[in-house]
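What follows is a set of notes on a single structure, which appears directly below.
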Amino acid sequence: MSKKHPAVTITMIDRYLTHLREQERSAATLQKYRHDLNELCGYLHNAPLNKSTLIDWKELLISKYAPATVNSMLIAVNGYLRFYGWQGLSVKLLKVQKALLIDESKELTKAE
């Protein structure tokens with residue numbers, strides 16, 4: 001969408017969320033994305049938006065949140081970056097292994 005200097009501002013976040021609303025994303029998704037993008041905006045605090053800064057932010061998130069939460073925040077940010085044409089700044093999601101076996105306590109018994 002825009003080739004100007006990469007940044008995260010409230011105005012740009014609003015423009016991105018308007019786009020998502022027009023794509024009929026749920027209100028909960030819009031609220032979550034706003035929160036996540038505001039978190040990044042606060043972290044940047046006028047620092048340049050570049051790959052190195054995003055990797056630093058990702059490492060901070062890893063130290064504070066569960067992997068699934070980190071990934072959901074990165075998905076919001078990567079979507080924002082794509083919208084503005086800055087795909088090269090996207091950061092990779094964390095690899096999360098899912099349990100292959102179900103906990104025995106959750107299995108149904110013959111009586112159930």
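Ligands are numbered from 1 in the order shown, chains are lettered A, B, ... in the order of the structure tokens, and residues start at 1 in each chain.
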
message: Taking 6 positions as the minimum chain separation for residues in the same chain, which residues sit within 12 Å of His5 of chain A when counting only C-alpha atoms? Answer as an NGL selection string.
response: :A and (48-50 or 81 or 84-86 or 89)

Filtering to N, CA, C and O atoms, could you give me those residues as an mmCIF file, in the first residue's frame?
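File produced: out-v5.cif:
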```
data_model
loop_
_atom_site.group_PDB
_atom_site.id
_atom_site.type_symbol
_atom_site.label_atom_id
_atom_site.label_comp_id
_atom_site.auth_asym_id
_atom_site.auth_seq_id
_atom_site.Cartn_x
_atom_site.Cartn_y
_atom_site.Cartn_z
ATOM 1 N N PRO A 48 13.270 3.513 14.962
ATOM 2 C CA PRO A 48 12.931 3.093 13.594
ATOM 3 C C PRO A 48 12.367 1.665 13.564
ATOM 4 O O PRO A 48 12.752 0.822 14.364
ATOM 5 N N LEU A 49 11.442 1.470 12.662
ATOM 6 C CA LEU A 49 10.876 0.142 12.453
ATOM 7 C C LEU A 49 11.748 -0.569 11.428
ATOM 8 O O LEU A 49 11.756 -0.212 10.251
ATOM 9 N N ASN A 50 12.519 -1.546 11.899
ATOM 10 C CA ASN A 50 13.370 -2.333 11.007
ATOM 11 C C ASN A 50 13.406 -3.773 11.499
ATOM 12 O O ASN A 50 12.866 -4.087 12.567
ATOM 13 N N LEU A 81 2.483 -5.274 8.341
ATOM 14 C CA LEU A 81 3.633 -5.052 7.454
ATOM 15 C C LEU A 81 3.285 -5.368 6.002
ATOM 16 O O LEU A 81 3.653 -4.636 5.087
ATOM 17 N N TYR A 84 1.158 -2.637 4.321
ATOM 18 C CA TYR A 84 1.906 -1.449 3.917
ATOM 19 C C TYR A 84 3.033 -1.755 2.928
ATOM 20 O O TYR A 84 3.784 -0.867 2.554
ATOM 21 N N GLY A 85 3.157 -3.018 2.505
ATOM 22 C CA GLY A 85 4.156 -3.368 1.495
ATOM 23 C C GLY A 85 5.549 -3.575 2.044
ATOM 24 O O GLY A 85 6.529 -3.476 1.310
ATOM 25 N N TRP A 86 5.639 -3.880 3.331
ATOM 26 C CA TRP A 86 6.947 -4.070 3.973
ATOM 27 C C TRP A 86 7.155 -5.529 4.374
ATOM 28 O O TRP A 86 7.634 -5.839 5.469
ATOM 29 N N LEU A 89 10.191 -7.055 6.231
ATOM 30 C CA LEU A 89 10.406 -6.857 7.666
ATOM 31 C C LEU A 89 9.714 -7.929 8.514
ATOM 32 O O LEU A 89 9.933 -7.994 9.719
#
```

Contacts between segment 58-61 of chain A and segment 75-95 of chain A, please, where a residue of segment 75-95 of chain A counts if it comes within 10 Å (with only C-alpha atoms); show its shortest atom pair and distance in Å to one decimal, rows by chain and ascending number, as CSV.
```
residue,atom,partner,partner_atom,distance
A:Val91,CA,A:Lys58,CA,8.1
A:Lys92,CA,A:Lys58,CA,9.3
A:Leu93,CA,A:Lys58,CA,9.2
A:Leu94,CA,A:Lys58,CA,9.6
```

Prev. selection, N, CA, C and O atoms, output as a PDB file, in the first residue's frame:
```pdb
ATOM      1  N   VAL A  91       8.624 -11.094  10.591  1.00  0.00           N
ATOM      2  CA  VAL A  91       9.412 -11.989  11.434  1.00  0.00           C
ATOM      3  C   VAL A  91       8.750 -13.366  11.454  1.00  0.00           C
ATOM      4  O   VAL A  91       7.527 -13.480  11.319  1.00  0.00           O
ATOM      5  N   LYS A  92       9.563 -14.379  11.617  1.00  0.00           N
ATOM      6  CA  LYS A  92       9.062 -15.751  11.623  1.00  0.00           C
ATOM      7  C   LYS A  92       8.333 -16.057  12.923  1.00  0.00           C
ATOM      8  O   LYS A  92       8.699 -15.573  13.996  1.00  0.00           O
ATOM      9  N   LEU A  93       7.316 -16.882  12.794  1.00  0.00           N
ATOM     10  CA  LEU A  93       6.586 -17.342  13.966  1.00  0.00           C
ATOM     11  C   LEU A  93       7.408 -18.393  14.702  1.00  0.00           C
ATOM     12  O   LEU A  93       8.305 -19.018  14.123  1.00  0.00           O
ATOM     13  N   LEU A  94       7.070 -18.602  15.959  1.00  0.00           N
ATOM     14  CA  LEU A  94       7.728 -19.646  16.741  1.00  0.00           C
ATOM     15  C   LEU A  94       7.174 -20.996  16.310  1.00  0.00           C
ATOM     16  O   LEU A  94       5.991 -21.111  15.980  1.00  0.00           O
TER      17      LEU A  94
END
```

message: DSSP on the backbone, alpha helix (DSSP H) only: what residues of chain A does that give? Format it as a ChimeraX atom specification.
response: /A:10-22,27-44,51-64,67-83

field: Contacts of Met73 of chain A within 10 Å, only C-alpha atoms, excl. fewer than 5 positions in-chain, as a PyMOL selection string
entry: chain A and resi 32-33+35-37+39-40+58+61+67-68+78+93

Resulting file, chosen residues, C-alpha atoms, as a tab-separated table (two decimals), in the first residue's frame:
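Output file part-v9.tsv is given in full below:
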```tsv
chain	number	residue	atom	x	y	z
A	32	LYS	CA	-6.77	-7.96	19.47
A	33	TYR	CA	-4.84	-6.55	16.51
A	35	HIS	CA	-3.84	-4.14	21.20
A	36	ASP	CA	-0.92	-5.98	19.63
A	37	LEU	CA	-0.01	-3.13	17.27
A	39	GLU	CA	2.13	-2.80	22.09
A	40	LEU	CA	4.63	-2.63	19.25
A	58	LYS	CA	9.99	-10.73	19.39
A	61	LEU	CA	7.65	-11.18	23.82
A	67	PRO	CA	4.51	-19.24	22.41
A	68	ALA	CA	0.92	-19.21	21.14
A	78	ASN	CA	3.12	-9.34	9.96
A	93	LEU	CA	6.59	-17.34	13.97
```

- request: Take atom CA of Gly79 of chain A and atom CA of Gln97 of chain A and report the distance between them in Å, one decimal.
  value: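 The value is 23.1 Å.
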
field: 12 Å contact set for Thr11 of chain A, only C-alpha atoms, chain neighbours under 6 positions out, as a ChimeraX atom specification
entry: /A:17-18,34,37-38,41

task: Rounded to one decimal place, report the atom CA of Ile75 of chain A-atom CA of Ala27 of chain A distance in Å.
output: 16.5 Å

query: How many Å separate atom CA of Gly88 of chain A from atom CA of Ala28 of chain A?
result: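 The value is 27.6 Å.
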